[in-house]
$ cat query_13.pdb   # PDB, C-alpha atoms and all ligand atoms
ATOM      1  CA  MET A   1      -3.108  -5.494  34.152
ATOM      2  CA  ARG A   2      -4.600  -7.414  31.255
ATOM      3  CA  ILE A   3      -4.104  -5.115  28.291
ATOM      4  CA  LEU A   4      -5.356  -5.338  24.713
ATOM      5  CA  ILE A   5      -3.413  -3.229  22.217
ATOM      6  CA  LEU A   6      -5.018  -2.572  18.854
ATOM      7  CA  GLY A   7      -1.834  -2.503  16.823
ATOM      8  CA  GLY A   8      -0.467  -2.899  13.324
ATOM      9  CA  ILE A   9       2.205  -0.197  13.434
ATOM     10  CA  ARG A  10       5.758   0.034  14.738
ATOM     11  CA  GLU A  11       4.778   2.138  17.774
ATOM     12  CA  ALA A  12       2.368  -0.607  18.909
ATOM     13  CA  SER A  13       5.179  -3.134  18.858
ATOM     14  CA  THR A  14       7.411  -0.837  20.943
ATOM     15  CA  LEU A  15       4.554  -0.306  23.371
ATOM     16  CA  ALA A  16       3.923  -4.071  23.699
ATOM     17  CA  THR A  17       7.601  -4.633  24.550
ATOM     18  CA  LYS A  18       7.510  -1.918  27.227
ATOM     19  CA  LEU A  19       4.275  -3.141  28.830
ATOM     20  CA  VAL A  20       5.430  -6.782  28.866
ATOM     21  CA  GLN A  21       8.673  -5.692  30.550
ATOM     22  CA  GLU A  22       6.591  -3.902  33.168
ATOM     23  CA  GLY A  23       4.901  -7.220  33.926
ATOM     24  CA  HIS A  24       1.499  -6.727  32.279
ATOM     25  CA  ASP A  25      -0.418  -9.452  30.481
ATOM     26  CA  VAL A  26      -0.392  -7.982  26.973
ATOM     27  CA  THR A  27      -2.179  -9.085  23.813
ATOM     28  CA  THR A  28      -1.697  -7.216  20.537
ATOM     29  CA  SER A  29      -4.484  -7.398  18.000
ATOM     30  CA  LEU A  30      -3.567  -7.300  14.314
ATOM     31  CA  ALA A  31      -6.020  -6.933  11.454
ATOM     32  CA  GLY A  32      -4.069  -9.529   9.474
ATOM     33  CA  ARG A  33      -3.191  -7.380   6.460
ATOM     34  CA  THR A  34       0.554  -8.134   6.533
ATOM     35  CA  LYS A  35       1.538 -11.652   5.474
ATOM     36  CA  GLU A  36       4.494 -12.087   7.806
ATOM     37  CA  PRO A  37       4.296  -9.537  10.613
ATOM     38  CA  LYS A  38       7.381  -9.140  12.787
ATOM     39  CA  PRO A  39       7.277 -11.103  16.058
ATOM     40  CA  LEU A  40       5.810  -9.164  18.970
ATOM     41  CA  LYS A  41       6.364  -9.392  22.709
ATOM     42  CA  GLY A  42       3.364 -10.805  24.554
ATOM     43  CA  LYS A  43       0.441 -12.569  22.894
ATOM     44  CA  VAL A  44      -0.960 -11.865  19.449
ATOM     45  CA  ARG A  45      -4.435 -12.329  18.032
ATOM     46  CA  THR A  46      -5.268 -11.760  14.381
ATOM     47  CA  GLY A  47      -8.369 -10.725  12.401
ATOM     48  CA  GLY A  48     -11.400  -8.474  12.864
ATOM     49  CA  PHE A  49     -13.606  -8.752  15.948
ATOM     50  CA  GLY A  50     -16.885  -8.367  14.075
ATOM     51  CA  GLY A  51     -17.625  -4.682  14.635
ATOM     52  CA  ILE A  52     -18.295  -2.804  17.871
ATOM     53  CA  GLU A  53     -20.286  -5.601  19.445
ATOM     54  CA  GLY A  54     -17.611  -8.181  18.668
ATOM     55  CA  LEU A  55     -14.924  -6.009  20.210
ATOM     56  CA  ALA A  56     -17.044  -5.219  23.295
ATOM     57  CA  ASN A  57     -17.711  -8.969  23.745
ATOM     58  CA  TYR A  58     -14.017  -9.770  23.391
ATOM     59  CA  LEU A  59     -13.120  -7.212  26.075
ATOM     60  CA  GLU A  60     -15.627  -8.694  28.489
ATOM     61  CA  GLU A  61     -14.905 -12.367  27.740
ATOM     62  CA  HIS A  62     -11.156 -11.876  28.112
ATOM     63  CA  THR A  63     -11.580  -9.661  31.200
ATOM     64  CA  VAL A  64      -9.460  -6.932  29.661
ATOM     65  CA  ASP A  65      -8.593  -4.121  32.114
ATOM     66  CA  LEU A  66      -7.291  -1.624  29.576
ATOM     67  CA  LEU A  67      -7.779  -1.183  25.833
ATOM     68  CA  ILE A  68      -5.128   0.784  23.945
ATOM     69  CA  ASP A  69      -5.750   2.128  20.467
ATOM     70  CA  CYS A  70      -2.327   2.289  18.840
ATOM     71  CA  THR A  71      -3.479   1.873  15.242
ATOM     72  CA  HIS A  72      -2.483   3.803  12.142
ATOM     73  CA  PRO A  73      -4.020   7.303  11.988
ATOM     74  CA  PHE A  74      -5.854   6.391   8.760
ATOM     75  CA  ALA A  75      -7.361   3.237  10.308
ATOM     76  CA  LYS A  76     -10.461   5.214  11.270
ATOM     77  CA  GLN A  77     -12.999   2.396  11.541
ATOM     78  CA  ILE A  78     -11.248   0.362  14.209
ATOM     79  CA  SER A  79     -10.576   3.535  16.241
ATOM     80  CA  ALA A  80     -14.271   4.474  16.110
ATOM     81  CA  ASN A  81     -15.170   0.895  17.106
ATOM     82  CA  ALA A  82     -12.732   1.018  20.023
ATOM     83  CA  LEU A  83     -14.286   4.228  21.330
ATOM     84  CA  GLU A  84     -17.807   2.841  21.239
ATOM     85  CA  ALA A  85     -16.849  -0.634  22.544
ATOM     86  CA  SER A  86     -15.102   1.028  25.487
ATOM     87  CA  ARG A  87     -18.156   3.155  26.195
ATOM     88  CA  ARG A  88     -20.488   0.142  26.068
ATOM     89  CA  SER A  89     -18.318  -2.197  28.134
ATOM     90  CA  GLY A  90     -17.043   0.415  30.591
ATOM     91  CA  ILE A  91     -13.468  -0.745  29.915
ATOM     92  CA  LYS A  92     -10.959   2.089  29.890
ATOM     93  CA  LEU A  93      -9.542   3.189  26.527
ATOM     94  CA  GLU A  94      -6.200   4.896  26.033
ATOM     95  CA  ILE A  95      -5.606   6.522  22.662
ATOM     96  CA  HIS A  96      -2.035   6.709  21.418
ATOM     97  CA  THR A  97      -2.343   8.797  18.308
ATOM     98  CA  ARG A  98       0.553   9.741  16.074
ATOM     99  CA  LYS A  99       0.878  13.433  15.322
ATOM    100  CA  PRO A 100       0.890  14.310  11.618
ATOM    101  CA  TRP A 101       4.152  15.515  10.057
ATOM    102  CA  LYS A 102       4.560  19.278  10.107
ATOM    103  CA  HIS A 103       5.425  21.191   6.970
ATOM    104  CA  GLN A 104       9.009  22.472   7.196
ATOM    105  CA  GLN A 105      10.952  25.081   5.312
ATOM    106  CA  GLY A 106      11.888  23.704   1.907
ATOM    107  CA  ASP A 107       8.944  21.267   1.748
ATOM    108  CA  GLN A 108       6.808  21.606  -1.361
ATOM    109  CA  TRP A 109       3.517  20.111  -0.273
ATOM    110  CA  LYS A 110       0.198  20.342  -2.007
ATOM    111  CA  GLU A 111      -2.191  19.327   0.758
ATOM    112  CA  VAL A 112      -5.429  17.618  -0.251
ATOM    113  CA  SER A 113      -8.198  15.967   1.714
ATOM    114  CA  SER A 114      -8.815  12.800  -0.300
ATOM    115  CA  LEU A 115      -7.056  10.282  -2.517
ATOM    116  CA  GLU A 116      -9.324  11.279  -5.415
ATOM    117  CA  GLN A 117      -8.118  14.863  -5.065
ATOM    118  CA  ALA A 118      -4.524  13.626  -4.880
ATOM    119  CA  ARG A 119      -4.968  11.741  -8.147
ATOM    120  CA  ASP A 120      -6.480  14.782  -9.860
ATOM    121  CA  GLU A 121      -3.605  17.009  -8.680
ATOM    122  CA  ILE A 122      -0.947  14.887 -10.415
ATOM    123  CA  PRO A 123       0.375  16.918 -13.349
ATOM    124  CA  LYS A 124       0.212  15.420 -16.824
ATOM    125  CA  ASN A 125       2.894  12.830 -17.678
ATOM    126  CA  ALA A 126       4.344  12.890 -14.159
ATOM    127  CA  ARG A 127       6.454  10.086 -12.673
ATOM    128  CA  VAL A 128       5.002   9.407  -9.252
ATOM    129  CA  LEU A 129       6.151   7.503  -6.183
ATOM    130  CA  LEU A 130       2.865   6.119  -4.877
ATOM    131  CA  ALA A 131       3.380   5.351  -1.203
ATOM    132  CA  LEU A 132      -0.038   4.088  -0.116
ATOM    133  CA  GLY A 133      -1.550   0.812   1.080
ATOM    134  CA  SER A 134      -2.380  -1.697  -1.665
ATOM    135  CA  GLN A 135      -6.117  -1.212  -1.135
ATOM    136  CA  TYR A 136      -5.890   2.431  -2.281
ATOM    137  CA  ILE A 137      -4.166   1.891  -5.629
ATOM    138  CA  ASP A 138      -7.163   1.182  -7.863
ATOM    139  CA  LEU A 139      -8.448   4.714  -8.206
ATOM    140  CA  PHE A 140      -5.152   5.877  -9.743
ATOM    141  CA  LYS A 141      -5.624   3.673 -12.815
ATOM    142  CA  THR A 142      -7.615   6.325 -14.687
ATOM    143  CA  ARG A 143      -4.441   8.413 -15.073
ATOM    144  CA  GLU A 144      -3.046   6.603 -18.087
ATOM    145  CA  ASP A 145      -0.507   9.358 -18.751
ATOM    146  CA  VAL A 146       1.249   8.839 -15.396
ATOM    147  CA  PHE A 147       4.068   6.419 -14.527
ATOM    148  CA  TYR A 148       3.761   5.050 -10.967
ATOM    149  CA  LEU A 149       6.499   3.584  -8.809
ATOM    150  CA  VAL A 150       4.364   1.694  -6.293
ATOM    151  CA  ARG A 151       5.814   0.964  -2.874
ATOM    152  CA  MET A 152       4.320  -2.061  -1.103
ATOM    153  CA  VAL A 153       5.420  -4.220   1.830
ATOM    154  CA  ASP A 154       4.095  -7.489   0.315
ATOM    155  CA  ALA A 155       3.901  -8.378  -3.388
ATOM    156  CA  PRO A 156       0.327  -7.919  -4.680
ATOM    157  CA  GLU A 157      -1.715 -11.094  -5.156
ATOM    158  CA  LYS A 158      -2.804 -10.071  -8.643
ATOM    159  CA  GLU A 159      -1.317  -7.671 -11.119
ATOM    160  CA  LEU A 160      -1.954  -4.011 -10.303
ATOM    161  CA  PRO A 161      -4.496  -2.317 -12.594
ATOM    162  CA  LEU A 162      -2.174   0.627 -13.300
ATOM    163  CA  PRO A 163      -1.211   0.952 -16.971
ATOM    164  CA  HIS A 164       2.387   2.144 -16.434
ATOM    165  CA  HIS A 165       4.031   1.139 -13.210
ATOM    166  CA  SER A 166       6.789  -0.726 -11.487
ATOM    167  CA  LEU A 167       6.892  -2.189  -7.992
ATOM    168  CA  LEU A 168       9.156  -1.278  -5.124
ATOM    169  CA  LEU A 169       8.701  -4.065  -2.598
ATOM    170  CA  GLY A 170       9.533  -3.778   1.091
ATOM    171  CA  LYS A 171       9.431  -1.162   3.808
ATOM    172  CA  PRO A 172      10.693   2.374   3.222
ATOM    173  CA  PHE A 173      14.379   3.078   3.856
ATOM    174  CA  ALA A 174      15.162   4.559   7.251
ATOM    175  CA  ASN A 175      17.432   7.319   5.949
ATOM    176  CA  TRP A 176      16.763  10.019   3.405
ATOM    177  CA  GLN A 177      19.947   9.386   1.415
ATOM    178  CA  ASP A 178      18.708   5.907   0.412
ATOM    179  CA  GLU A 179      15.253   7.266  -0.341
ATOM    180  CA  MET A 180      16.838   9.970  -2.475
ATOM    181  CA  GLU A 181      18.678   7.336  -4.535
ATOM    182  CA  VAL A 182      15.384   5.567  -5.248
ATOM    183  CA  LEU A 183      13.725   8.819  -6.302
ATOM    184  CA  LYS A 184      16.624   9.780  -8.555
ATOM    185  CA  ALA A 185      17.099   6.327 -10.101
ATOM    186  CA  ASN A 186      13.423   6.247 -11.101
ATOM    187  CA  LYS A 187      13.340   9.898 -12.259
ATOM    188  CA  ILE A 188      10.449  10.573  -9.896
ATOM    189  CA  THR A 189       8.857  14.006 -10.322
ATOM    190  CA  HIS A 190       6.167  13.803  -7.589
ATOM    191  CA  ILE A 191       5.305  11.814  -4.459
ATOM    192  CA  VAL A 192       1.755  10.944  -3.503
ATOM    193  CA  CYS A 193       1.346   9.901   0.135
ATOM    194  CA  ARG A 194      -0.784  10.395   3.212
ATOM    195  CA  ASN A 195       0.280  12.399   6.227
ATOM    196  CA  SER A 196       0.702   9.380   8.485
ATOM    197  CA  GLY A 197       3.155  10.918  10.945
ATOM    198  CA  GLY A 198       5.726   8.797  12.777
ATOM    199  CA  LYS A 199       9.327   8.015  11.909
ATOM    200  CA  GLY A 200       8.981   4.899   9.752
ATOM    201  CA  ALA A 201       7.977   6.611   6.517
ATOM    202  CA  TYR A 202       9.498  10.050   7.076
ATOM    203  CA  ALA A 203      12.754   9.569   5.133
ATOM    204  CA  LYS A 204      10.982  10.102   1.803
ATOM    205  CA  ILE A 205       9.713  13.467   3.033
ATOM    206  CA  GLU A 206      13.282  14.518   3.890
ATOM    207  CA  ALA A 207      14.586  13.182   0.575
ATOM    208  CA  ALA A 208      11.942  15.172  -1.294
ATOM    209  CA  ARG A 209      12.987  18.293   0.637
ATOM    210  CA  HIS A 210      16.600  17.824  -0.441
ATOM    211  CA  LEU A 211      15.576  17.244  -4.066
ATOM    212  CA  GLU A 212      12.982  20.056  -4.033
ATOM    213  CA  LEU A 213      10.433  17.511  -5.170
ATOM    214  CA  PRO A 214       6.719  18.251  -4.807
ATOM    215  CA  ILE A 215       4.585  16.035  -2.570
ATOM    216  CA  ILE A 216       0.843  15.658  -2.963
ATOM    217  CA  MET A 217      -0.053  15.019   0.664
ATOM    218  CA  VAL A 218      -3.382  13.654   1.846
ATOM    219  CA  SER A 219      -4.170  15.195   5.250
ATOM    220  CA  GLN A 220      -5.458  13.164   8.251
TER     221      GLN A 220
HETATM  222  P1  LIG B   1      -9.872   0.163   9.494
HETATM  223  O1  LIG B   1     -10.387   0.583   8.166
HETATM  224  O2  LIG B   1      -9.964   1.123  10.618
HETATM  225  O3  LIG B   1     -10.555  -1.199   9.954
HETATM  226  C1  LIG B   1     -11.363  -2.019   9.138
HETATM  227  C2  LIG B   1     -11.683  -3.267   9.924
HETATM  228  O4  LIG B   1     -10.528  -4.084  10.065
HETATM  229  C3  LIG B   1     -12.144  -2.990  11.350
HETATM  230  O5  LIG B   1     -13.516  -2.655  11.409
HETATM  231  C4  LIG B   1     -11.788  -4.285  12.036
HETATM  232  O6  LIG B   1     -12.719  -5.307  11.700
HETATM  233  C5  LIG B   1     -10.501  -4.691  11.356
HETATM  234  N1  LIG B   1      -9.318  -4.184  12.069
HETATM  235  C6  LIG B   1      -8.594  -3.056  11.839
HETATM  236  N2  LIG B   1      -7.553  -2.966  12.660
HETATM  237  C7  LIG B   1      -7.618  -4.058  13.461
HETATM  238  C8  LIG B   1      -6.802  -4.546  14.517
HETATM  239  N3  LIG B   1      -5.689  -3.888  14.925
HETATM  240  N4  LIG B   1      -7.165  -5.710  15.101
HETATM  241  C9  LIG B   1      -8.255  -6.386  14.697
HETATM  242  N5  LIG B   1      -9.054  -5.987  13.688
HETATM  243  C10 LIG B   1      -8.745  -4.843  13.086
HETATM  244  O7  LIG B   1      -8.347  -0.290   9.405
HETATM  245  P2  LIG B   1      -7.360  -0.448   8.162
HETATM  246  O8  LIG B   1      -7.108   0.909   7.607
HETATM  247  O9  LIG B   1      -7.867  -1.536   7.285
HETATM  248  O10 LIG B   1      -6.053  -0.908   8.936
HETATM  249  C11 LIG B   1      -5.945  -2.222   9.473
HETATM  250  C12 LIG B   1      -4.755  -2.322  10.406
HETATM  251  O11 LIG B   1      -3.553  -2.034   9.686
HETATM  252  C13 LIG B   1      -4.777  -1.389  11.607
HETATM  253  O12 LIG B   1      -4.457  -2.177  12.736
HETATM  254  C14 LIG B   1      -3.723  -0.348  11.345
HETATM  255  O13 LIG B   1      -3.031   0.059  12.504
HETATM  256  C15 LIG B   1      -2.788  -1.074  10.371
HETATM  257  N6  LIG B   1      -2.234  -0.144   9.371
HETATM  258  C16 LIG B   1      -3.089   0.587   8.615
HETATM  259  C17 LIG B   1      -2.587   1.475   7.698
HETATM  260  C18 LIG B   1      -3.548   2.331   6.895
HETATM  261  O14 LIG B   1      -3.038   3.075   6.046
HETATM  262  N7  LIG B   1      -4.834   2.311   7.114
HETATM  263  C19 LIG B   1      -1.198   1.595   7.532
HETATM  264  C20 LIG B   1      -0.339   0.814   8.318
HETATM  265  C21 LIG B   1      -0.889  -0.066   9.226
HETATM  266  P3  LIG B   1     -13.963  -5.675  12.656
HETATM  267  O15 LIG B   1     -14.924  -4.557  12.513
HETATM  268  O16 LIG B   1     -14.427  -6.981  12.139
HETATM  269  O17 LIG B   1     -13.412  -5.758  14.062
END
$ encode --input "query_13.pdb" --output "structure tokens"
Amino acid sequence: MRILILGGIREASTLATKLVQEGHDVTTSLAGRTKEPKPLKGKVRTGGFGGIEGLANYLEEHTVDLLIDCTHPFAKQISANALEASRRSGIKLEIHTRKPWKHQQGDQWKEVSSLEQARDEIPKNARVLLALGSQYIDLFKTREDVFYLVRMVDAPEKELPLPHHSLLLGKPFANWQDEMEVLKANKITHIVCRNSGGKGAYAKIEAARHLELPIIMVSQ
């Protein structure tokens, strides 16, 4: 089959490898947010399609048999576009959605429904690990009392607008012991993150559990 995977997360890369091994003609589509994405099995295309119509046209022009949405759970726009483009073009859509993390005994989560709420929940003078995409950082700048340790995959192109912060570049550590060292070394008192599910970013949740550290968690 000719398959188009809407990707951008680890699970999409694993899926591409599996489908290529099975003999399918696989293309993974990336939005182009990461400067140097890891190599993927099969073909890769990069950049937006130009909305629903652009995606529907792409599916038809490239005679795609199956569209797979394997995007990040907070990438809501592209998922909505995929649904509608599939409906319009008649091309089958498979949705591979990550399940959110479940609260476990020992977790101290304050669940909120927006980033604005997350910002307002940060206690005064806290030291926060901010584990969000770079595009969501701006609204935290109004909290001048807070120190932020900002985790990012790529270095920002311009200086972050946050008054007190330092950068933690690269992907999260895979094990909680390493994450715990980061939290301790930076005297972090709170974590702000979104409930993205999956394994890649879970070690910080386990580290927080071991340290009895509160997490302000934005729900899906
Ligand atoms: P979004 O808000 O849902 O999408 C915004 C626009 O970006 C879409 O309308 C589309 O442009 C383009 N786009 C998004 N994903 C694309 C893809 N896989 N291939 C081609 N174009 C894509 O998405 P986002 O939150 O900016 O996330 C972008 C990508 O990064 C996704 O693929 C997602 O899996 C990955 N990612 C996102 C997050 C996150 O926190 N949101 C975290 C890790 C990875 P057009 O309308 O022009 O087609």
$ residues_near_ligand --input "query_13.pdb" --ligand "ligand LIG 1 (chain B)" --cutoff "6 Å" --atoms "all atoms listed in the file" --output "ChimeraX atom specification"
/A:6-9,29-31,47-51,71-72,74-78,133
$ residues_around --input "query_13.pdb" --residues "Asn195 in chain A" --least-positions-apart "5" --cutoff "8 Å" --atoms "all atoms listed in the file" --output "JSON, numbers by chain"
{"A": [100, 101, 217, 218, 219, 220]}
$ residues_around --input "query_13.pdb" --residues "Pro214 in chain A" --least-positions-apart "6" --cutoff "6 Å" --atoms "all atoms listed in the file" --output "PyMOL selection string"
chain A and resi 108-109+190
$ write_last_selection --input "query_13.pdb" --atoms "C-alpha atoms" --output "short mmCIF file (atom, residue, chain, number, x, y, z; two decimals), in the coordinates of the input"
data_model
loop_
_atom_site.label_atom_id
_atom_site.label_comp_id
_atom_site.auth_asym_id
_atom_site.auth_seq_id
_atom_site.Cartn_x
_atom_site.Cartn_y
_atom_site.Cartn_z
CA GLN A 108 6.81 21.61 -1.36
CA TRP A 109 3.52 20.11 -0.27
CA HIS A 190 6.17 13.80 -7.59
#
$ residues_around --input "query_13.pdb" --residues "Gln104 in chain A" --least-positions-apart "5" --cutoff "10 Å" --atoms "only C-alpha atoms" --output "PyMOL selection string"
chain A and resi 109+205-206+209
$ resolve_selection --input "query_13.pdb" --expression "the PyMOL selection byres (((chain A and resi 145) around 9) and not hetatm)" --output "short mmCIF file (atom, residue, chain, number, x, y, z; two decimals) with C-alpha atoms, in the frame of the given file"
data_model
loop_
_atom_site.label_atom_id
_atom_site.label_comp_id
_atom_site.auth_asym_id
_atom_site.auth_seq_id
_atom_site.Cartn_x
_atom_site.Cartn_y
_atom_site.Cartn_z
CA LYS A 124 0.21 15.42 -16.82
CA ASN A 125 2.89 12.83 -17.68
CA ALA A 126 4.34 12.89 -14.16
CA THR A 142 -7.62 6.32 -14.69
CA ARG A 143 -4.44 8.41 -15.07
CA GLU A 144 -3.05 6.60 -18.09
CA VAL A 146 1.25 8.84 -15.40
CA PHE A 147 4.07 6.42 -14.53
CA PRO A 163 -1.21 0.95 -16.97
CA HIS A 164 2.39 2.14 -16.43
#
$ closest_residue --input "query_13.pdb" --among "A:Pro172, A:Gly106, A:Pro123, A:Gly23" --to "Ile216 in chain A" --atoms "all atoms listed in the file"
A:Pro123
$ residues_near_point --input "query_13.pdb" --point "(11.5, 14.9, -2.1)" --cutoff "8 Å" --atoms "all atoms listed in the file" --output "list in words"
Asp107, Met180, Leu183, His190, Ile191, Lys204, Ile205, Glu206, Ala207, Ala208, Arg209, His210, Leu211, Glu212, Leu213, Pro214 and Ile215 of chain A
$ atom_distance --input "query_13.pdb" --atom1 "CA of Lys92 in chain A" --atom2 "CA of Ser196 in chain A"
25.4 Å
$ axis_aligned_box --input "query_13.pdb" --around "range 184-197 of chain A" --padding-each-side "8 Å" --output "AutoDock Vina command-line options"
--center_x 8.2 --center_y 10.1 --center_z -0.7 --size_x 33.9 --size_y 23.8 --size_z 39.2
$ resolve_selection --input "query_13.pdb" --expression "the PyMOL selection byres (((chain A and resi 200) around 10) and not hetatm)" --output "PyMOL selection string"
chain A and resi 9-11+171-175+196-199+201-204
$ closest_residue --input "query_13.pdb" --among "A:Thr189, A:Gln135, A:Ser166, A:Thr27" --to "Tyr58 in chain A" --atoms "all atoms listed in the file"
A:Thr27
$ resolve_selection --input "query_13.pdb" --expression "the PyMOL selection byres (((chain A and resi 128) around 6) and not hetatm)" --output "ChimeraX atom specification"
/A:127,129-130,148,188,190-191
$ closest_residue --input "query_13.pdb" --among "A:Arg194, A:Arg33, A:Lys99, A:Lys110" --to "Ser134 in chain A" --atoms "all atoms listed in the file"
A:Arg33
$ atom_distance --input "query_13.pdb" --atom1 "CA of Glu111 in chain A" --atom2 "CA of Asn186 in chain A"
23.6 Å
$ atom_distance --input "query_13.pdb" --atom1 "CA of Leu83 in chain A" --atom2 "CA of Leu67 in chain A"
9.6 Å
$ decode --input "query_13.pdb" --residues "range 51-116 of chain A" --atoms "C-alpha atoms" --output "PDB file, in the first residue's frame"
ATOM      1  CA  GLY A  51      -4.904  23.261   5.220  1.00  0.00           C
ATOM      2  CA  ILE A  52      -7.556  20.613   4.582  1.00  0.00           C
ATOM      3  CA  GLU A  53      -7.727  21.236   0.861  1.00  0.00           C
ATOM      4  CA  GLY A  54      -3.957  21.010   0.471  1.00  0.00           C
ATOM      5  CA  LEU A  55      -3.858  17.719   2.333  1.00  0.00           C
ATOM      6  CA  ALA A  56      -6.826  16.292   0.385  1.00  0.00           C
ATOM      7  CA  ASN A  57      -5.106  17.298  -2.891  1.00  0.00           C
ATOM      8  CA  TYR A  58      -1.843  15.701  -1.784  1.00  0.00           C
ATOM      9  CA  LEU A  59      -3.624  12.424  -0.984  1.00  0.00           C
ATOM     10  CA  GLU A  60      -5.246  12.336  -4.401  1.00  0.00           C
ATOM     11  CA  GLU A  61      -2.205  13.477  -6.407  1.00  0.00           C
ATOM     12  CA  HIS A  62       0.066  10.942  -4.720  1.00  0.00           C
ATOM     13  CA  THR A  63      -2.573   8.184  -4.928  1.00  0.00           C
ATOM     14  CA  VAL A  64      -2.277   7.477  -1.223  1.00  0.00           C
ATOM     15  CA  ASP A  65      -4.165   4.331  -0.123  1.00  0.00           C
ATOM     16  CA  LEU A  66      -4.004   4.930   3.616  1.00  0.00           C
ATOM     17  CA  LEU A  67      -3.474   8.021   5.763  1.00  0.00           C
ATOM     18  CA  ILE A  68      -2.214   7.489   9.311  1.00  0.00           C
ATOM     19  CA  ASP A  69      -2.425  10.210  11.926  1.00  0.00           C
ATOM     20  CA  CYS A  70       0.435   9.512  14.317  1.00  0.00           C
ATOM     21  CA  THR A  71       0.979  13.088  15.484  1.00  0.00           C
ATOM     22  CA  HIS A  72       1.447  14.447  18.985  1.00  0.00           C
ATOM     23  CA  PRO A  73      -1.792  14.519  21.019  1.00  0.00           C
ATOM     24  CA  PHE A  74      -1.543  18.320  21.343  1.00  0.00           C
ATOM     25  CA  ALA A  75      -1.136  18.784  17.571  1.00  0.00           C
ATOM     26  CA  LYS A  76      -4.893  19.262  17.244  1.00  0.00           C
ATOM     27  CA  GLN A  77      -5.041  21.220  13.988  1.00  0.00           C
ATOM     28  CA  ILE A  78      -3.338  18.675  11.763  1.00  0.00           C
ATOM     29  CA  SER A  79      -5.463  15.874  13.277  1.00  0.00           C
ATOM     30  CA  ALA A  80      -8.661  17.815  12.534  1.00  0.00           C
ATOM     31  CA  ASN A  81      -7.382  18.480   8.993  1.00  0.00           C
ATOM     32  CA  ALA A  82      -6.609  14.788   8.502  1.00  0.00           C
ATOM     33  CA  LEU A  83     -10.131  13.801   9.528  1.00  0.00           C
ATOM     34  CA  GLU A  84     -11.766  16.222   7.121  1.00  0.00           C
ATOM     35  CA  ALA A  85      -9.314  15.569   4.247  1.00  0.00           C
ATOM     36  CA  SER A  86     -10.004  11.844   4.594  1.00  0.00           C
ATOM     37  CA  ARG A  87     -13.743  12.456   4.534  1.00  0.00           C
ATOM     38  CA  ARG A  88     -13.499  14.660   1.433  1.00  0.00           C
ATOM     39  CA  SER A  89     -11.120  12.431  -0.521  1.00  0.00           C
ATOM     40  CA  GLY A  90     -12.592   9.103   0.596  1.00  0.00           C
ATOM     41  CA  ILE A  91      -9.093   7.919   1.564  1.00  0.00           C
ATOM     42  CA  LYS A  92      -9.051   5.782   4.686  1.00  0.00           C
ATOM     43  CA  LEU A  93      -7.681   7.327   7.890  1.00  0.00           C
ATOM     44  CA  GLU A  94      -6.193   5.381  10.775  1.00  0.00           C
ATOM     45  CA  ILE A  95      -5.740   7.260  14.035  1.00  0.00           C
ATOM     46  CA  HIS A  96      -2.908   6.171  16.299  1.00  0.00           C
ATOM     47  CA  THR A  97      -3.470   8.233  19.391  1.00  0.00           C
ATOM     48  CA  ARG A  98      -1.290   8.100  22.473  1.00  0.00           C
ATOM     49  CA  LYS A  99      -3.127   7.539  25.730  1.00  0.00           C
ATOM     50  CA  PRO A 100      -2.522  10.203  28.381  1.00  0.00           C
ATOM     51  CA  TRP A 101      -0.449   9.270  31.441  1.00  0.00           C
ATOM     52  CA  LYS A 102      -2.518   8.014  34.351  1.00  0.00           C
ATOM     53  CA  HIS A 103      -2.121   9.482  37.806  1.00  0.00           C
ATOM     54  CA  GLN A 104      -0.417   6.948  40.088  1.00  0.00           C
ATOM     55  CA  GLN A 105      -0.067   6.643  43.819  1.00  0.00           C
ATOM     56  CA  GLY A 106       2.516   9.142  45.025  1.00  0.00           C
ATOM     57  CA  ASP A 107       1.971  11.565  42.116  1.00  0.00           C
ATOM     58  CA  GLN A 108       1.185  15.117  43.174  1.00  0.00           C
ATOM     59  CA  TRP A 109      -0.581  16.513  40.144  1.00  0.00           C
ATOM     60  CA  LYS A 110      -2.573  19.682  39.898  1.00  0.00           C
ATOM     61  CA  GLU A 111      -4.509  19.131  36.685  1.00  0.00           C
ATOM     62  CA  VAL A 112      -5.457  22.196  34.651  1.00  0.00           C
ATOM     63  CA  SER A 113      -7.023  22.652  31.246  1.00  0.00           C
ATOM     64  CA  SER A 114      -4.868  25.407  29.749  1.00  0.00           C
ATOM     65  CA  LEU A 115      -1.350  26.809  29.809  1.00  0.00           C
ATOM     66  CA  GLU A 116      -2.706  30.097  31.184  1.00  0.00           C
TER      67      GLU A 116
END
